[in-house]
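Pasting query25.cif here (mmCIF, C-alpha atoms and all ligand atoms):
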```
data_start
loop_
_atom_site.label_atom_id
_atom_site.label_comp_id
_atom_site.auth_asym_id
_atom_site.auth_seq_id
_atom_site.Cartn_x
_atom_site.Cartn_y
_atom_site.Cartn_z
CA MET A 115 101.55 81.43 128.82
CA VAL A 116 100.52 83.75 126.00
CA PHE A 117 99.72 87.27 127.18
CA LYS A 118 97.00 89.25 125.48
CA PRO A 119 98.48 92.42 124.04
CA ALA A 120 96.91 95.82 124.72
CA ASN A 121 94.32 96.92 122.14
CA ARG A 122 96.77 99.66 121.20
CA ILE A 123 99.01 97.12 119.50
CA ALA A 124 96.43 94.43 118.81
CA ASN A 125 94.68 96.96 116.54
CA LEU A 126 97.75 97.96 114.56
CA PRO A 127 97.34 96.90 110.94
CA PRO A 128 99.40 93.86 109.91
CA TYR A 129 102.91 94.67 108.81
CA LEU A 130 102.97 93.73 105.16
CA PHE A 131 106.75 93.51 104.95
CA ALA A 132 106.85 90.71 107.53
CA GLU A 133 105.28 88.36 104.98
CA ALA A 134 107.82 89.56 102.41
CA ASP A 135 110.68 88.82 104.80
CA ARG A 136 109.38 85.30 105.18
CA GLN A 137 109.26 84.84 101.40
CA ILE A 138 112.82 86.14 100.98
CA ALA A 139 114.07 83.86 103.77
CA ALA A 140 112.33 80.88 102.15
CA LYS A 141 113.90 81.68 98.78
CA ARG A 142 117.35 81.91 100.36
CA ALA A 143 116.79 78.68 102.30
CA ALA A 144 115.99 77.03 98.96
CA GLY A 145 119.51 77.92 97.81
CA PHE A 146 118.83 81.04 95.73
CA ASP A 147 121.19 84.02 95.80
CA VAL A 148 118.61 86.74 96.47
CA VAL A 149 119.58 90.34 95.65
CA SER A 150 117.52 92.62 97.87
CA LEU A 151 116.74 96.10 96.55
CA GLY A 152 114.34 96.57 99.44
CA ILE A 153 115.61 98.59 102.35
CA GLY A 154 117.07 102.11 102.12
CA ASP A 155 120.16 101.56 104.20
CA PRO A 156 123.40 103.11 102.85
CA ASP A 157 126.00 100.44 102.06
CA LEU A 158 128.77 103.06 101.80
CA PRO A 159 130.88 103.55 104.94
CA THR A 160 130.65 106.37 107.46
CA PRO A 161 133.43 108.89 106.62
CA ARG A 162 136.79 108.30 108.34
CA TRP A 163 136.94 111.49 110.41
CA ILE A 164 133.62 110.63 112.06
CA LEU A 165 134.97 107.20 113.04
CA ASP A 166 138.12 108.86 114.39
CA GLU A 167 136.04 111.13 116.61
CA LEU A 168 134.05 108.15 117.94
CA HIS A 169 137.31 106.36 118.78
CA ARG A 170 138.57 109.42 120.62
CA SER A 171 135.33 110.07 122.52
CA VAL A 172 134.79 106.48 123.53
CA GLU A 173 138.07 106.61 125.47
CA VAL A 174 136.75 109.43 127.66
CA PRO A 175 135.15 107.96 130.83
CA GLU A 176 132.65 110.84 131.28
CA ASN A 177 131.12 109.82 127.98
CA HIS A 178 130.16 106.46 129.45
CA ARG A 179 127.68 108.02 131.86
CA TYR A 180 124.06 109.06 131.35
CA PRO A 181 124.05 111.82 128.79
CA ASP A 182 122.16 115.09 129.21
CA TYR A 183 118.44 114.66 128.39
CA TYR A 184 118.46 117.44 125.83
CA GLY A 185 121.78 116.49 124.26
CA LEU A 186 125.14 118.19 124.58
CA ALA A 187 124.84 121.97 124.21
CA GLU A 188 127.69 121.63 121.71
CA LEU A 189 125.63 119.20 119.61
CA ARG A 190 122.61 121.52 119.63
CA ARG A 191 124.88 124.39 118.57
CA ALA A 192 126.39 122.24 115.80
CA ILE A 193 122.88 121.40 114.55
CA ALA A 194 121.89 125.08 114.58
CA SER A 195 125.08 126.09 112.70
CA TRP A 196 124.56 123.32 110.15
CA TYR A 197 121.00 124.57 109.50
CA MET A 198 122.30 128.10 109.06
CA GLU A 199 125.09 127.08 106.69
CA ARG A 200 123.12 124.57 104.67
CA PHE A 201 119.71 126.27 104.50
CA GLY A 202 120.14 129.80 105.87
CA VAL A 203 117.66 128.85 108.65
CA GLU A 204 118.25 130.42 112.04
CA LEU A 205 117.59 128.17 115.05
CA HIS A 206 118.09 128.85 118.72
CA PRO A 207 120.12 125.89 120.03
CA ASP A 208 118.48 126.06 123.46
CA ASN A 209 114.82 125.92 122.54
CA GLU A 210 114.45 125.15 118.84
CA VAL A 211 116.57 121.97 118.61
CA VAL A 212 116.05 118.55 120.15
CA PRO A 213 118.48 115.71 119.33
CA LEU A 214 116.88 112.32 118.71
CA ILE A 215 117.96 108.69 118.93
CA GLY A 216 117.55 108.51 115.15
CA SER A 217 114.71 110.50 113.61
CA LYS A 218 112.39 107.46 113.77
CA GLU A 219 112.36 107.84 117.54
CA GLY A 220 111.06 111.41 117.34
CA VAL A 221 108.65 110.66 114.50
CA ALA A 222 107.11 107.89 116.61
CA HIS A 223 107.00 109.97 119.80
CA ILE A 224 105.70 113.36 118.65
CA PRO A 225 102.09 112.09 118.45
CA PHE A 226 102.32 111.42 122.20
CA ALA A 227 102.90 115.14 122.65
CA PHE A 228 100.00 116.34 120.50
CA ILE A 229 97.48 113.59 119.77
CA ASP A 230 94.65 112.64 122.10
CA PRO A 231 92.09 109.93 121.31
CA GLY A 232 89.82 111.27 118.58
CA ASP A 233 92.47 113.60 117.18
CA VAL A 234 93.66 113.25 113.61
CA ALA A 235 97.09 113.30 112.00
CA LEU A 236 97.12 114.05 108.27
CA VAL A 237 99.50 111.53 106.76
CA SER A 238 100.95 111.35 103.25
CA ASP A 239 100.03 108.09 101.48
CA PRO A 240 102.23 106.37 100.40
CA GLY A 241 104.60 107.33 103.19
CA TYR A 242 107.09 106.24 105.80
CA PRO A 243 104.92 103.83 107.85
CA VAL A 244 105.88 105.34 111.24
CA TYR A 245 103.77 108.49 110.64
CA ALA A 246 100.57 106.46 110.76
CA MET A 247 101.78 103.90 113.33
CA GLY A 248 102.90 106.56 115.82
CA THR A 249 99.49 108.20 115.49
CA LEU A 250 97.69 104.90 116.11
CA LEU A 251 99.90 104.10 119.11
CA ALA A 252 98.99 107.47 120.61
CA GLY A 253 95.28 106.65 120.17
CA GLY A 254 94.73 109.00 117.23
CA GLU A 255 93.44 108.51 113.71
CA PRO A 256 95.61 108.85 110.64
CA TYR A 257 93.83 110.54 107.72
CA LEU A 258 95.56 109.49 104.52
CA MET A 259 96.36 112.17 101.94
CA PRO A 260 96.96 110.41 98.60
CA LEU A 261 100.12 111.20 96.65
CA THR A 262 99.69 110.30 92.99
CA PRO A 263 101.54 111.02 89.74
CA THR A 264 98.67 113.26 88.62
CA ASN A 265 99.02 115.52 91.66
CA GLY A 266 102.83 115.51 91.38
CA PHE A 267 103.05 113.39 94.56
CA VAL A 268 101.91 116.24 96.81
CA PRO A 269 98.70 116.14 98.86
CA ASP A 270 95.63 117.97 97.62
CA LEU A 271 95.01 120.13 100.69
CA ASN A 272 91.63 121.28 99.40
CA ALA A 273 90.37 117.70 99.31
CA ILE A 274 90.60 117.24 103.09
CA PRO A 275 87.05 117.25 104.51
CA ALA A 276 86.12 120.02 106.96
CA ASP A 277 85.24 117.61 109.79
CA VAL A 278 88.67 115.98 109.48
CA LEU A 279 90.36 119.38 109.48
CA ARG A 280 88.59 120.36 112.67
CA ARG A 281 90.15 117.36 114.44
CA ALA A 282 93.56 117.54 112.74
CA ARG A 283 96.49 118.35 115.02
CA LEU A 284 99.47 117.22 112.93
CA MET A 285 100.35 116.99 109.24
CA TRP A 286 103.13 114.74 107.91
CA ILE A 287 104.93 115.65 104.71
CA CYS A 288 108.32 114.49 103.41
CA TYR A 289 110.36 115.98 100.52
CA PRO A 290 112.55 114.56 99.05
CA ASN A 291 109.94 111.87 99.46
CA ASN A 292 110.20 108.31 100.59
CA PRO A 293 108.98 106.20 98.81
CA THR A 294 108.17 108.15 95.61
CA GLY A 295 111.47 110.04 95.22
CA ALA A 296 109.42 113.20 94.47
CA VAL A 297 110.74 116.62 95.43
CA ALA A 298 108.67 119.54 96.66
CA PRO A 299 107.33 121.55 93.72
CA GLU A 300 107.85 125.32 93.68
CA GLY A 301 105.43 127.05 96.06
CA PHE A 302 104.24 123.86 97.80
CA PHE A 303 105.87 124.53 101.18
CA GLU A 304 104.50 128.08 101.08
CA ARG A 305 100.96 126.73 100.49
CA VAL A 306 101.39 124.32 103.42
CA VAL A 307 102.47 127.13 105.76
CA GLU A 308 99.44 129.21 104.85
CA PHE A 309 97.08 126.20 105.17
CA ALA A 310 98.48 125.03 108.51
CA ALA A 311 98.33 128.53 109.99
CA ARG A 312 94.70 128.85 108.89
CA HIS A 313 93.73 125.50 110.44
CA ASN A 314 96.00 125.52 113.48
CA ILE A 315 97.89 122.35 112.51
CA LEU A 316 101.47 121.52 113.44
CA VAL A 317 103.36 120.57 110.26
CA CYS A 318 105.96 117.85 110.67
CA HIS A 319 108.28 117.93 107.69
CA ASP A 320 110.53 114.90 107.37
CA ASN A 321 113.73 116.00 105.64
CA ALA A 322 115.66 112.73 106.07
CA TYR A 323 116.84 112.80 102.42
CA SER A 324 117.86 116.45 102.00
CA GLU A 325 121.52 115.57 101.41
CA VAL A 326 120.98 112.84 98.83
CA SER A 327 120.31 114.54 95.52
CA TYR A 328 121.26 114.37 91.85
CA ASP A 329 121.91 116.44 88.74
CA GLY A 330 122.81 119.50 90.83
CA TYR A 331 119.41 119.66 92.55
CA ARG A 332 119.61 121.00 96.15
CA PRO A 333 116.61 120.15 98.36
CA ARG A 334 115.32 122.92 100.61
CA SER A 335 114.36 122.96 104.25
CA PHE A 336 110.67 123.52 105.00
CA LEU A 337 111.85 126.03 107.59
CA GLU A 338 113.26 128.29 104.86
CA VAL A 339 109.70 129.44 104.14
CA PRO A 340 108.68 132.59 106.02
CA GLY A 341 106.30 131.70 108.86
CA ALA A 342 107.24 127.97 108.82
CA LYS A 343 108.66 128.06 112.32
CA GLU A 344 105.35 129.46 113.61
CA ILE A 345 103.53 126.30 112.55
CA GLY A 346 106.10 123.62 111.94
CA VAL A 347 109.03 121.44 112.79
CA GLU A 348 111.48 119.53 110.66
CA PHE A 349 112.98 116.12 111.27
CA HIS A 350 116.45 115.44 110.00
CA SER A 351 118.86 112.61 110.54
CA LEU A 352 122.52 111.80 110.21
CA SER A 353 121.49 108.35 108.93
CA LYS A 354 121.31 109.00 105.19
CA SER A 355 123.26 112.27 105.16
CA TYR A 356 126.44 110.77 106.68
CA ASN A 357 125.93 107.01 106.09
CA MET A 358 125.20 106.57 109.80
CA THR A 359 121.96 104.56 110.00
CA GLY A 360 123.25 102.24 112.73
CA TRP A 361 124.50 105.05 114.96
CA ARG A 362 121.01 106.35 115.85
CA ILE A 363 121.33 110.11 115.83
CA GLY A 364 118.93 112.67 114.39
CA MET A 365 117.08 115.82 115.37
CA MET A 366 113.82 117.72 115.38
CA VAL A 367 114.10 121.47 114.93
CA GLY A 368 111.78 124.45 114.59
CA ASN A 369 108.73 125.55 116.57
CA ALA A 370 109.83 126.04 120.19
CA SER A 371 106.57 124.84 121.79
CA ALA A 372 106.74 121.60 119.79
CA VAL A 373 110.42 121.12 120.66
CA SER A 374 109.56 121.59 124.33
CA ALA A 375 106.58 119.20 124.21
CA LEU A 376 108.57 116.44 122.50
CA GLY A 377 111.35 117.02 125.05
CA ARG A 378 108.85 116.41 127.85
CA VAL A 379 107.75 113.12 126.33
CA LYS A 380 111.34 112.03 125.77
CA THR A 381 112.61 112.85 129.26
CA ASN A 382 110.03 110.36 130.51
CA ILE A 383 110.94 107.64 128.05
CA ASP A 384 114.62 107.71 127.10
CA SER A 385 117.88 108.99 128.49
CA GLY A 386 119.46 110.48 125.41
CA ILE A 387 122.11 109.50 122.89
CA PHE A 388 125.40 107.84 123.89
CA GLN A 389 127.66 110.84 124.37
CA ALA A 390 130.49 109.44 122.23
CA VAL A 391 127.99 109.21 119.37
CA GLN A 392 126.98 112.82 120.03
CA TYR A 393 130.62 113.91 119.65
CA ALA A 394 130.86 111.90 116.43
CA GLY A 395 127.66 113.64 115.29
CA ILE A 396 129.24 117.03 115.99
CA ALA A 397 132.24 115.95 113.91
CA ALA A 398 129.91 114.93 111.08
CA LEU A 399 127.97 118.20 111.07
CA THR A 400 130.98 120.49 111.40
CA GLY A 401 133.52 118.57 109.29
CA ASP A 402 134.31 118.67 105.58
CA GLN A 403 131.05 118.07 103.73
CA SER A 404 132.64 117.55 100.31
CA PHE A 405 132.44 113.71 100.52
CA MET A 406 128.71 114.05 99.84
CA GLU A 407 129.32 115.04 96.24
CA GLU A 408 131.26 111.86 95.46
CA ARG A 409 128.81 109.76 97.48
CA ASN A 410 125.83 111.22 95.59
CA SER A 411 127.55 110.63 92.26
CA ILE A 412 127.84 106.93 93.19
CA TYR A 413 124.10 106.83 93.91
CA GLN A 414 123.43 108.77 90.73
CA ARG A 415 125.29 106.17 88.61
CA ARG A 416 123.20 103.46 90.27
CA ARG A 417 120.03 105.46 89.63
CA ASP A 418 120.94 105.81 85.95
CA LEU A 419 121.64 102.08 85.65
CA VAL A 420 118.23 101.24 87.14
CA ILE A 421 116.36 103.75 84.98
CA SER A 422 118.09 102.71 81.75
CA THR A 423 117.43 99.01 82.48
CA LEU A 424 113.75 99.62 83.22
CA ARG A 425 113.40 101.62 80.02
CA GLU A 426 115.25 98.99 78.00
CA ILE A 427 112.75 96.33 79.06
CA GLY A 428 109.79 98.60 78.36
CA MET A 429 108.96 99.51 81.96
CA GLY A 430 108.67 103.25 82.42
CA ALA A 431 110.30 105.04 85.33
CA THR A 432 111.12 108.66 86.06
CA PRO A 433 114.62 109.39 87.40
CA PRO A 434 114.30 110.90 90.89
CA LYS A 435 116.08 114.22 91.56
CA ALA A 436 116.73 113.18 95.15
CA SER A 437 116.26 110.39 97.74
CA LEU A 438 117.52 106.82 97.56
CA TYR A 439 114.58 105.45 95.61
CA VAL A 440 113.24 104.73 92.16
CA TRP A 441 109.44 104.54 92.27
CA ALA A 442 107.91 102.96 89.22
CA PRO A 443 104.57 101.54 88.04
CA ALA A 444 104.11 97.77 88.14
CA PRO A 445 103.30 96.25 84.74
CA ASN A 446 99.62 96.10 83.76
CA GLY A 447 97.72 93.24 85.27
CA TYR A 448 99.80 92.96 88.44
CA THR A 449 99.15 94.31 91.90
CA SER A 450 102.28 95.67 93.51
CA LEU A 451 102.60 92.62 95.76
CA GLN A 452 101.98 90.16 92.92
CA PHE A 453 104.69 91.85 90.88
CA SER A 454 107.22 91.87 93.75
CA LEU A 455 106.57 88.20 94.45
CA LYS A 456 106.87 87.31 90.76
CA VAL A 457 110.24 89.08 90.56
CA LEU A 458 111.40 87.25 93.68
CA ASP A 459 110.11 83.92 92.43
CA GLU A 460 111.49 84.12 88.88
CA ILE A 461 114.79 85.99 89.23
CA ALA A 462 115.49 86.06 92.98
CA VAL A 463 115.47 89.85 93.25
CA TRP A 464 113.49 91.63 95.94
CA ILE A 465 111.79 94.95 95.17
CA THR A 466 109.41 96.55 97.65
CA PRO A 467 105.70 96.51 96.77
CA GLY A 468 104.32 100.04 96.90
CA VAL A 469 101.23 99.02 98.85
CA GLY A 470 103.47 98.44 101.88
CA PHE A 471 103.69 102.24 102.16
CA GLY A 472 99.92 102.74 102.13
CA PRO A 473 96.94 102.11 99.83
CA SER A 474 97.96 104.80 97.32
CA GLY A 475 101.21 102.90 96.78
CA GLU A 476 99.19 100.15 95.07
CA GLY A 477 100.31 99.69 91.47
CA PHE A 478 103.90 100.78 92.18
CA TYR A 479 107.12 99.26 93.40
CA ARG A 480 110.24 100.81 94.97
CA ILE A 481 113.86 100.05 94.18
CA SER A 482 116.44 101.23 96.69
CA LEU A 483 119.83 102.44 95.43
CA THR A 484 121.76 101.30 98.51
CA THR A 485 123.13 98.12 96.93
CA PRO A 486 126.76 97.94 95.74
CA ALA A 487 127.22 98.35 91.97
CA ASP A 488 128.14 94.71 91.23
CA ARG A 489 125.05 93.38 93.00
CA LEU A 490 122.85 96.04 91.43
CA GLU A 491 124.21 95.11 87.99
CA GLU A 492 123.50 91.47 88.72
CA ALA A 493 119.92 92.39 89.67
CA MET A 494 119.50 94.47 86.49
CA ASN A 495 120.86 91.63 84.30
CA ARG A 496 118.31 89.33 85.87
CA LEU A 497 115.54 91.90 85.32
CA ARG A 498 116.33 91.84 81.59
CA ARG A 499 115.44 88.11 81.65
CA LEU A 500 112.10 88.65 83.41
CA ARG A 501 109.15 87.32 81.39
CA LEU A 502 106.26 89.75 81.44
C1 LIG B 1 111.35 109.18 105.33
C2 LIG B 1 112.12 108.64 106.48
N1 LIG B 1 112.09 109.28 107.65
C3 LIG B 1 112.76 108.84 108.71
C4 LIG B 1 113.53 107.70 108.64
C5 LIG B 1 114.22 107.23 109.90
O1 LIG B 1 115.58 107.35 109.84
P1 LIG B 1 116.47 107.32 111.15
O2 LIG B 1 115.64 106.84 112.27
O3 LIG B 1 117.57 106.39 110.83
O4 LIG B 1 116.93 108.73 111.37
C6 LIG B 1 113.59 106.98 107.45
C7 LIG B 1 114.38 105.74 107.37
O5 LIG B 1 114.35 105.00 106.43
C8 LIG B 1 112.87 107.46 106.34
O6 LIG B 1 112.87 106.83 105.17
#
```
Using structure tokens, write down the structure that the file contains.
Amino acid sequence: MVFKPANRIANLPPYLFAEADRQIAAKRAAGFDVVSLGIGDPDLPTPRWILDELHRSVEVPENHRYPDYYGLAELRRAIASWYMERFGVELHPDNEVVPLIGSKEGVAHIPFAFIDPGDVALVSDPGYPVYAMGTLLAGGEPYLMPLTPTNGFVPDLNAIPADVLRRARLMWICYPNNPTGAVAPEGFFERVVEFAARHNILVCHDNAYSEVSYDGYRPRSFLEVPGAKEIGVEFHSLSKSYNMTGWRIGMMVGNASAVSALGRVKTNIDSGIFQAVQYAGIAALTGDQSFMEERNSIYQRRRDLVISTLREIGMGATPPKASLYVWAPAPNGYTSLQFSLKVLDEIAVWITPGVGFGPSGEGFYRISLTTPADRLEEAMNRLRRLRL
């Protein structure tokens, strides 16, 4: 028996990366040693003291029970202290912080708190696909705001039509940006705060990459801007900051009414984060943060290797100041998917076609820096042999 899915999922656009996965699997099955520079998933290990705390907490029987819906008070306090120390942002742990089962969980669920059928979410394009998918699942309409090199990879707020603005409830922005690696230009967050307040839109800033940066650049929190908490929330995650993608722990912080609304959705859907993982998260946030410098210098060396190789073979690319990604234009004459498939076919390296992140990603590809140096070098040596 094949069951007909609900329109809600039947109408989701096809997932472009599924076809790519099939192509990679076929190449591997044919005996090729494929180097994937696709996914942004840190290969470096979670720091030792965080593992130690997990080992300790997993031995405590109370931690095996249902956790508190809103997370341990101690975790919410650790998140608030981390925001104060890192960004100088003051958060009330009781009503301005909600822990998440990875930030993806909250990103996907917040539309259920604010989007009714007919409502619009303004979504950066290219962008993390969950912004648009969560909106569609909630019955809303994503309105794509193009990010292009000419606009510095920030949306042109003045280009959003008035009838869209009237229906807009949420706006998704992300800096340091996935996939473009762009950082927020001076004054941009301030403009967003003013715009969102004028149009009564909840800003969702995704700050998943704030701790991965290069050349001394320190990303800001959106909430540092005066008035941001009146109109916005920020998503953060321990995934990229502490090499903890598999642990599933993140948070949404900021506007108290939004925190409360997402909490109401979540209490009806999930039962919180495994408490031993919450204790490990507290250890991460409150422990010695100095490992990040060494970790980022490893990524920075990889970034430099990728950029110098691309330049050597005549393919331009700008070094990102933050994030795990190099975003670069595909050679003339190729769509982003054609170029990715050519690279896979000829040299058995996988790079992500930009169009997978939205229509404005067409003409670009993304290289992730989360591949160990020897494999990345192998991929770069192969790139030098690519016939264009
Ligand atoms: C921009 C962005 N936001 C959110 C996430 C989700 O991360 P997690 O669910 O692991 O916290 C990712 C993961 O790749 C991402 O790239």
* Asked: By how many Å are CA of Phe471 (chain A) and CA of Gly241 (chain A) apart?
  ->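 Straight-line distance from CA of Phe471 (chain A) to CA of Gly241 (chain A) works out to 5.3 Å.
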* Around ligand LIG 1 (chain B), at most 7 Å away and counting all atoms listed in the file, which residues are there? Put them as a list of chain:residue names, please. => A:Gly154, A:Gly216, A:Ser217, A:Lys218, A:Glu219, A:Tyr242, A:Cys288, A:Asn291, A:Asn292, A:Asp320, A:Ala322, A:His350, A:Ser351, A:Leu352, A:Ser353, A:Thr359, A:Arg362, A:Ile363, A:Gly364
* Contact residues around Tyr257 (chain A) with all atoms listed in the file at 8 Å, ignoring same-chain residues under 4 positions, as a VMD selection string -> chain A and resid 234 to 237 278
* **Shell around Tyr439 (chain A) at 6 Å using all atoms listed in the file, local window under 3 positions removed, as a PyMOL selection string** => chain A and resi 295+481-482
Next, the residues of the selection above should be written as a PDB file, in the coordinates of the input with C-alpha atoms.
```pdb
ATOM      1  CA  GLY A 295     111.470 110.040  95.220  1.00  0.00           C
ATOM      2  CA  ILE A 481     113.860 100.050  94.180  1.00  0.00           C
ATOM      3  CA  SER A 482     116.440 101.230  96.690  1.00  0.00           C
TER       4      SER A 482
END
```
* With a distance cut-off of 7 Å and only C-alpha atoms, select the neighbouring residues of region 149-152 of chain A, excluding the residue or stretch itself and same-chain residues fewer than 4 positions from it, and output the selection as number ranges by chain. => A: 462-466, 481-482, 485, 489, 493
Listed atoms of region 119-131 of chain A boxed along x, y and z, 4 Å each side, centre and edge lengths in Å, one decimal, as lines of an AutoDock Vina configuration file:
```
center_x = 100.5
center_y = 96.0
center_z = 114.8
size_x = 20.4
size_y = 15.2
size_z = 27.8
```
Where atoms are lacking, region 311-326 of chain A completed to N, CA, C and O atoms, as a short mmCIF file (atom, residue, chain, number, x, y, z; two decimals), in the coordinates of the input:
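Written file, out-v9.cif:
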```
data_model
loop_
_atom_site.label_atom_id
_atom_site.label_comp_id
_atom_site.auth_asym_id
_atom_site.auth_seq_id
_atom_site.Cartn_x
_atom_site.Cartn_y
_atom_site.Cartn_z
N ALA A 311 98.60 127.38 109.12
CA ALA A 311 98.33 128.53 109.99
C ALA A 311 96.82 128.77 110.07
O ALA A 311 96.27 129.03 111.13
N ARG A 312 96.14 128.61 108.93
CA ARG A 312 94.70 128.85 108.89
C ARG A 312 93.95 127.82 109.73
O ARG A 312 92.96 128.13 110.37
N HIS A 313 94.46 126.57 109.75
CA HIS A 313 93.73 125.50 110.44
C HIS A 313 94.37 125.08 111.76
O HIS A 313 93.94 124.10 112.37
N ASN A 314 95.40 125.80 112.17
CA ASN A 314 96.00 125.52 113.48
C ASN A 314 96.54 124.09 113.57
O ASN A 314 96.22 123.35 114.50
N ILE A 315 97.33 123.71 112.58
CA ILE A 315 97.89 122.35 112.51
C ILE A 315 99.41 122.45 112.59
O ILE A 315 100.02 123.31 111.94
N LEU A 316 100.01 121.57 113.38
CA LEU A 316 101.47 121.52 113.44
C LEU A 316 101.99 120.67 112.27
O LEU A 316 101.66 119.49 112.16
N VAL A 317 102.78 121.29 111.41
CA VAL A 317 103.36 120.57 110.26
C VAL A 317 104.65 119.89 110.71
O VAL A 317 105.53 120.52 111.30
N CYS A 318 104.74 118.60 110.41
CA CYS A 318 105.96 117.85 110.67
C CYS A 318 106.57 117.52 109.31
O CYS A 318 106.04 116.66 108.59
N HIS A 319 107.63 118.23 108.97
CA HIS A 319 108.28 117.93 107.69
C HIS A 319 109.46 117.01 107.94
O HIS A 319 110.35 117.32 108.73
N ASP A 320 109.47 115.89 107.23
CA ASP A 320 110.53 114.90 107.37
C ASP A 320 111.55 115.16 106.25
O ASP A 320 111.25 114.95 105.07
N ASN A 321 112.72 115.63 106.64
CA ASN A 321 113.73 116.00 105.64
C ASN A 321 114.92 115.03 105.68
O ASN A 321 116.07 115.42 105.49
N ALA A 322 114.61 113.75 105.90
CA ALA A 322 115.66 112.73 106.07
C ALA A 322 116.59 112.63 104.85
O ALA A 322 117.73 112.21 104.97
N TYR A 323 116.06 113.02 103.65
CA TYR A 323 116.84 112.80 102.42
C TYR A 323 117.40 114.09 101.82
O TYR A 323 117.79 114.10 100.64
N SER A 324 117.47 115.16 102.60
CA SER A 324 117.86 116.45 102.00
C SER A 324 119.26 116.44 101.42
O SER A 324 119.57 117.23 100.54
N GLU A 325 120.13 115.55 101.89
CA GLU A 325 121.52 115.57 101.41
C GLU A 325 121.81 114.55 100.32
O GLU A 325 122.95 114.40 99.90
N VAL A 326 120.78 113.84 99.90
CA VAL A 326 120.98 112.84 98.83
C VAL A 326 120.24 113.33 97.59
O VAL A 326 119.02 113.20 97.49
#
```
